[in-house]
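So this one's start13.cif, mmCIF, C-alpha atoms:
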```
data_protein
loop_
_atom_site.label_atom_id
_atom_site.label_comp_id
_atom_site.auth_asym_id
_atom_site.auth_seq_id
_atom_site.Cartn_x
_atom_site.Cartn_y
_atom_site.Cartn_z
CA MET A 1013 25.58 -33.13 -1.90
CA LYS A 1014 23.08 -33.21 -4.71
CA CYS A 1015 23.58 -31.47 -8.04
CA PRO A 1016 21.37 -28.36 -8.19
CA ALA A 1017 20.93 -28.77 -11.94
CA CYS A 1018 20.16 -32.48 -12.49
CA GLY A 1019 19.84 -33.98 -9.00
CA ARG A 1020 22.71 -36.48 -9.21
CA GLU A 1021 25.17 -36.96 -6.35
CA LEU A 1022 28.18 -34.61 -6.59
CA VAL A 1023 31.66 -36.13 -6.46
CA GLU A 1024 34.73 -34.44 -4.95
CA MET A 1025 37.52 -33.68 -7.39
CA ALA A 1026 40.94 -32.17 -6.73
CA ALA A 1027 42.08 -29.30 -8.92
CA GLY A 1028 45.51 -28.23 -7.72
CA GLY A 1029 45.12 -27.06 -4.14
CA VAL A 1030 41.33 -26.86 -4.42
CA THR A 1031 38.78 -29.61 -3.90
CA VAL A 1032 35.53 -28.93 -5.71
CA ASP A 1033 32.33 -30.93 -6.17
CA VAL A 1034 31.47 -31.99 -9.71
CA CYS A 1035 28.47 -33.63 -11.31
CA LYS A 1036 30.48 -36.44 -12.91
CA GLY A 1037 28.41 -38.58 -15.24
CA GLY A 1038 25.53 -36.12 -14.99
CA CYS A 1039 25.28 -32.57 -16.28
CA GLY A 1040 29.01 -31.82 -15.82
CA GLY A 1041 28.47 -28.80 -13.58
CA VAL A 1042 30.92 -27.73 -10.87
CA TRP A 1043 30.31 -26.44 -7.31
CA PHE A 1044 32.88 -24.02 -5.89
CA ASP A 1045 32.86 -23.18 -2.20
CA ASN A 1046 33.46 -19.54 -1.27
CA PHE A 1047 36.75 -18.20 -2.76
CA GLU A 1048 37.57 -21.42 -4.67
CA LEU A 1049 36.53 -20.10 -8.08
CA LYS A 1050 39.10 -17.30 -7.85
CA LYS A 1051 41.85 -19.94 -7.73
CA VAL A 1052 41.00 -21.43 -11.14
CA ASP A 1053 39.28 -18.68 -13.13
CA ASN A 1054 42.27 -17.53 -15.24
CA GLN A 1055 44.16 -19.28 -18.02
CA SER A 1056 47.39 -18.79 -16.06
CA GLU A 1057 46.07 -21.06 -13.29
CA PRO A 1058 46.76 -24.60 -14.53
CA ALA A 1059 44.77 -26.17 -11.67
CA GLY A 1060 41.56 -25.28 -13.50
CA GLU A 1061 42.40 -27.30 -16.61
CA VAL A 1062 41.10 -30.58 -15.14
CA LEU A 1063 37.70 -29.00 -14.49
CA LEU A 1064 37.09 -28.04 -18.11
CA ASP A 1065 36.18 -31.53 -19.29
CA VAL A 1066 34.09 -33.11 -16.55
CA GLU A 1067 32.56 -36.37 -17.76
CA ARG A 1068 28.94 -35.84 -18.75
CA GLY A 1069 26.15 -38.34 -19.09
CA GLU A 1070 24.45 -38.71 -22.43
CA GLY A 1071 20.88 -37.60 -22.49
CA VAL A 1072 21.15 -35.48 -19.33
CA ARG A 1073 19.19 -32.30 -19.91
CA VAL A 1074 19.37 -29.19 -17.75
CA ASP A 1075 16.72 -26.47 -17.63
CA HIS A 1076 18.93 -23.38 -17.56
CA SER A 1077 15.94 -21.12 -16.93
CA ALA A 1078 15.02 -22.91 -13.68
CA ARG A 1079 16.19 -21.42 -10.40
CA LYS A 1080 18.66 -23.66 -8.58
CA LYS A 1081 18.89 -24.45 -4.87
CA CYS A 1082 22.26 -24.32 -3.13
CA PRO A 1083 23.68 -27.82 -2.63
CA LYS A 1084 25.21 -26.79 0.73
CA CYS A 1085 22.53 -24.59 2.29
CA ASP A 1086 19.12 -26.13 2.91
CA ASP A 1087 16.35 -24.52 0.87
CA LEU A 1088 18.30 -21.42 -0.21
CA VAL A 1089 17.73 -20.47 -3.82
CA MET A 1090 20.86 -19.22 -5.55
CA MET A 1091 21.02 -15.81 -7.17
CA ARG A 1092 21.85 -15.50 -10.83
CA HIS A 1093 24.25 -12.87 -11.98
CA PHE A 1094 26.79 -12.29 -14.66
CA SER A 1095 30.43 -13.09 -14.10
CA GLY A 1096 33.22 -11.24 -15.77
CA VAL A 1097 33.83 -7.71 -16.83
CA LYS A 1098 31.62 -7.77 -19.91
CA LYS A 1099 28.86 -9.76 -18.21
CA GLU A 1100 28.92 -12.60 -20.74
CA VAL A 1101 28.65 -15.64 -18.44
CA GLU A 1102 25.65 -16.16 -16.17
CA VAL A 1103 26.49 -18.02 -12.94
CA ASP A 1104 24.57 -19.03 -9.83
CA GLU A 1105 25.78 -17.81 -6.42
CA CYS A 1106 24.47 -18.77 -2.99
CA PRO A 1107 23.62 -15.73 -0.85
CA GLY A 1108 24.20 -17.81 2.29
CA CYS A 1109 27.57 -19.51 1.88
CA GLY A 1110 28.99 -17.55 -1.08
CA GLY A 1111 29.53 -20.66 -3.19
CA PHE A 1112 29.20 -20.73 -6.98
CA TRP A 1113 27.54 -23.22 -9.29
CA LEU A 1114 28.85 -23.27 -12.85
CA ASP A 1115 27.04 -25.27 -15.49
CA PHE A 1116 29.10 -27.25 -17.98
CA GLY A 1117 31.16 -24.94 -20.20
CA GLU A 1118 30.82 -21.81 -18.05
CA LEU A 1119 34.25 -22.22 -16.44
CA ALA A 1120 35.81 -22.48 -19.91
CA GLN A 1121 34.05 -19.27 -20.93
CA ILE A 1122 35.23 -17.44 -17.80
CA ARG A 1123 38.81 -18.68 -18.24
CA SER A 1124 38.88 -17.64 -21.91
CA HIS A 1125 38.40 -13.96 -21.11
CA PHE A 1126 41.72 -13.19 -19.40
CA ALA A 1127 45.06 -14.92 -19.03
CA THR A 1128 46.03 -13.16 -15.78
CA ASP A 1129 44.56 -11.16 -12.93
CA ALA A 1130 46.45 -8.09 -14.21
CA GLU A 1131 44.62 -8.33 -17.55
CA LYS A 1132 41.31 -8.74 -15.73
CA ASP A 1133 42.00 -5.71 -13.52
CA LYS A 1134 42.94 -3.59 -16.55
CA ALA A 1135 39.78 -4.61 -18.41
CA THR A 1136 37.66 -3.98 -15.31
CA GLU A 1137 39.11 -0.49 -14.94
CA ALA A 1138 38.50 0.28 -18.63
CA TYR A 1139 34.92 -1.03 -18.48
CA PHE A 1140 34.20 0.89 -15.27
CA SER A 1141 35.62 4.06 -16.83
CA GLU A 1142 33.51 3.53 -19.95
CA GLU A 1143 30.31 2.95 -17.97
CA VAL A 1144 30.54 5.58 -15.21
CA GLY A 1145 33.73 7.54 -15.86
CA ALA A 1146 32.03 10.58 -17.38
CA GLU A 1147 29.55 10.80 -14.51
CA LEU A 1148 32.32 10.51 -11.91
CA ASP A 1149 34.34 13.22 -13.68
CA LYS A 1150 31.26 15.48 -13.63
CA MET A 1151 30.73 14.84 -9.91
CA ALA A 1152 34.41 15.55 -9.19
CA ALA A 1153 34.19 18.85 -11.07
CA GLU A 1154 31.06 19.83 -9.13
CA SER A 1155 32.79 18.96 -5.86
CA GLN A 1156 35.80 21.06 -6.84
CA ASP A 1157 33.48 23.99 -7.69
CA ARG A 1158 31.81 23.71 -4.27
CA LEU A 1159 35.19 23.58 -2.55
CA ASN A 1160 36.36 26.65 -4.44
CA THR A 1161 33.16 28.51 -3.48
CA ALA A 1162 33.59 27.56 0.20
CA ARG A 1163 37.20 28.75 0.13
CA SER A 1164 36.16 32.05 -1.44
CA ILE A 1165 33.53 32.62 1.25
CA ALA A 1166 36.00 31.71 4.00
CA LEU A 1167 38.57 34.10 2.53
CA ALA A 1168 35.99 36.90 2.35
CA LEU A 1169 34.91 36.34 5.95
CA ARG A 1170 38.37 35.77 7.45
CA HIS A 1171 38.37 39.18 9.17
CA ILE A 1172 35.26 38.19 11.19
CA CYS A 1173 36.83 35.06 12.65
CA PRO A 1174 40.56 34.87 11.94
CA SER A 1175 42.00 31.41 11.85
CA CYS A 1176 44.50 32.32 14.55
CA HIS A 1177 41.62 32.15 17.09
CA ILE A 1178 40.67 28.58 16.21
CA PRO A 1179 42.79 25.69 17.45
CA GLY A 1180 44.45 23.55 14.80
CA GLU A 1181 46.03 24.37 11.50
CA GLN A 1182 43.86 26.23 9.05
CA LYS A 1183 45.21 26.35 5.49
CA TRP A 1184 42.63 28.68 4.01
CA GLY A 1185 40.73 30.23 6.86
CA ALA A 1186 38.51 29.38 9.76
CA PHE A 1187 35.80 27.57 7.82
#
```
What would you get if you wrote out this structure as structure tokens?
Amino acid sequence: MKCPACGRELVEMAAGGVTVDVCKGGCGGVWFDNFELKKVDNQSEPAGEVLLDVERGEGVRVDHSARKKCPKCDDLVMMRHFSGVKKEVEVDECPGCGGFWLDFGELAQIRSHFATDAEKDKATEAYFSEEVGAELDKMAAESQDRLNTARSIALALRHICPSCHIPGEQKWGAF
């Protein structure tokens, strides 16, 4: 496979139970097949340590603004998005195979955010709550108001169609 950043040939490298493709002697980037990144993205996963210092070639320049093609899928351009809870690291992901390309230093940045998955989950929950929590609470309150209104109407109309005439258990009426 060819490096999507500098065009050199990628070399396989073992990192614990994962075999990834690295641009050794080139730009120092790393290709992760689908689900491989999750096995080395935390500080508590020692397998990822060997991928932090991939040998780089002097004078190799990478245009980080250029769109990169997936090294596995022919002619598919990878999507750029932010990795991590606070969206601090921009990574490239293939929409076809689900693989990730990380430029040199990006894995170190991702690993520096959280020591464990539990920390990551807690931070994700806090960030999600901060971003959309108030809106979700508002929607839940509106839903509860609608439910209360429907129950009131059902209670008012229960003499028209008593729940005893409808099969199944009815907790608050026929409606």
Selection result of the PyMOL selection byres ((chain A and resi 1118) around 9) on this file, as a VMD selection string:
chain A and resid 1041 1064 1101 to 1103 1114 to 1117 1119 to 1123
Test item: the PyMOL selection byres ((chain A and resi 1060) around 12) resolved as an MDAnalysis selection string
chainID A and resid 1025:1032 1042 1044 1048:1059 1061:1066 1119:1120 1122:1124
Show me, as a PyMOL selection string, the residues that have an atom within 10 Å of Trp1043 in chain A when counting only C-alpha atoms, minus same-chain residues fewer than 2 positions from it.
chain A and resi 1013+1015-1016+1022-1024+1031-1035+1041+1045-1046+1048-1049+1082-1084+1104-1105+1111-1115
Of the listed residues A:Asp1157, A:Asp1086, A:Glu1131, A:Glu1070, that which approaches Lys1036 in chain A most closely, counting all atoms listed in the file
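Going through A:Asp1157, A:Asp1086, A:Glu1131, A:Glu1070 one by one, the smallest distance to Lys1036 in chain A is for A:Glu1070.
With CA of Lys1099 in chain A on one side and CA of Glu1137 in chain A on the other, the separation reads 14.2 Å.
With CA of Arg1020 in chain A on one side and CA of Asp1075 in chain A on the other, the separation reads 14.4 Å.
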Running the PyMOL selection byres ((chain A and resi 1068) around 6) on this model by hand, what would come out? Give it as a list in words.
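Taken over the shown coordinates, the PyMOL selection byres ((chain A and resi 1068) around 6) returns Gly1037, Gly1038, Cys1039, Gly1040, Glu1067 and Gly1069 of chain A.
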What is the distance, in Å and to one decimal place, between CA of Glu1021 in chain A and CA of Arg1073 in chain A?
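One can read the CA of Glu1021 in chain A to CA of Arg1073 in chain A distance as 15.5 Å.
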Which of these, A:Ser1095, A:Glu1143, A:Cys1018, A:Asp1149, has the shortest distance to Ala1078 in chain A once you count all atoms listed in the file?
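The closest residue to Ala1078 in chain A is A:Cys1018.
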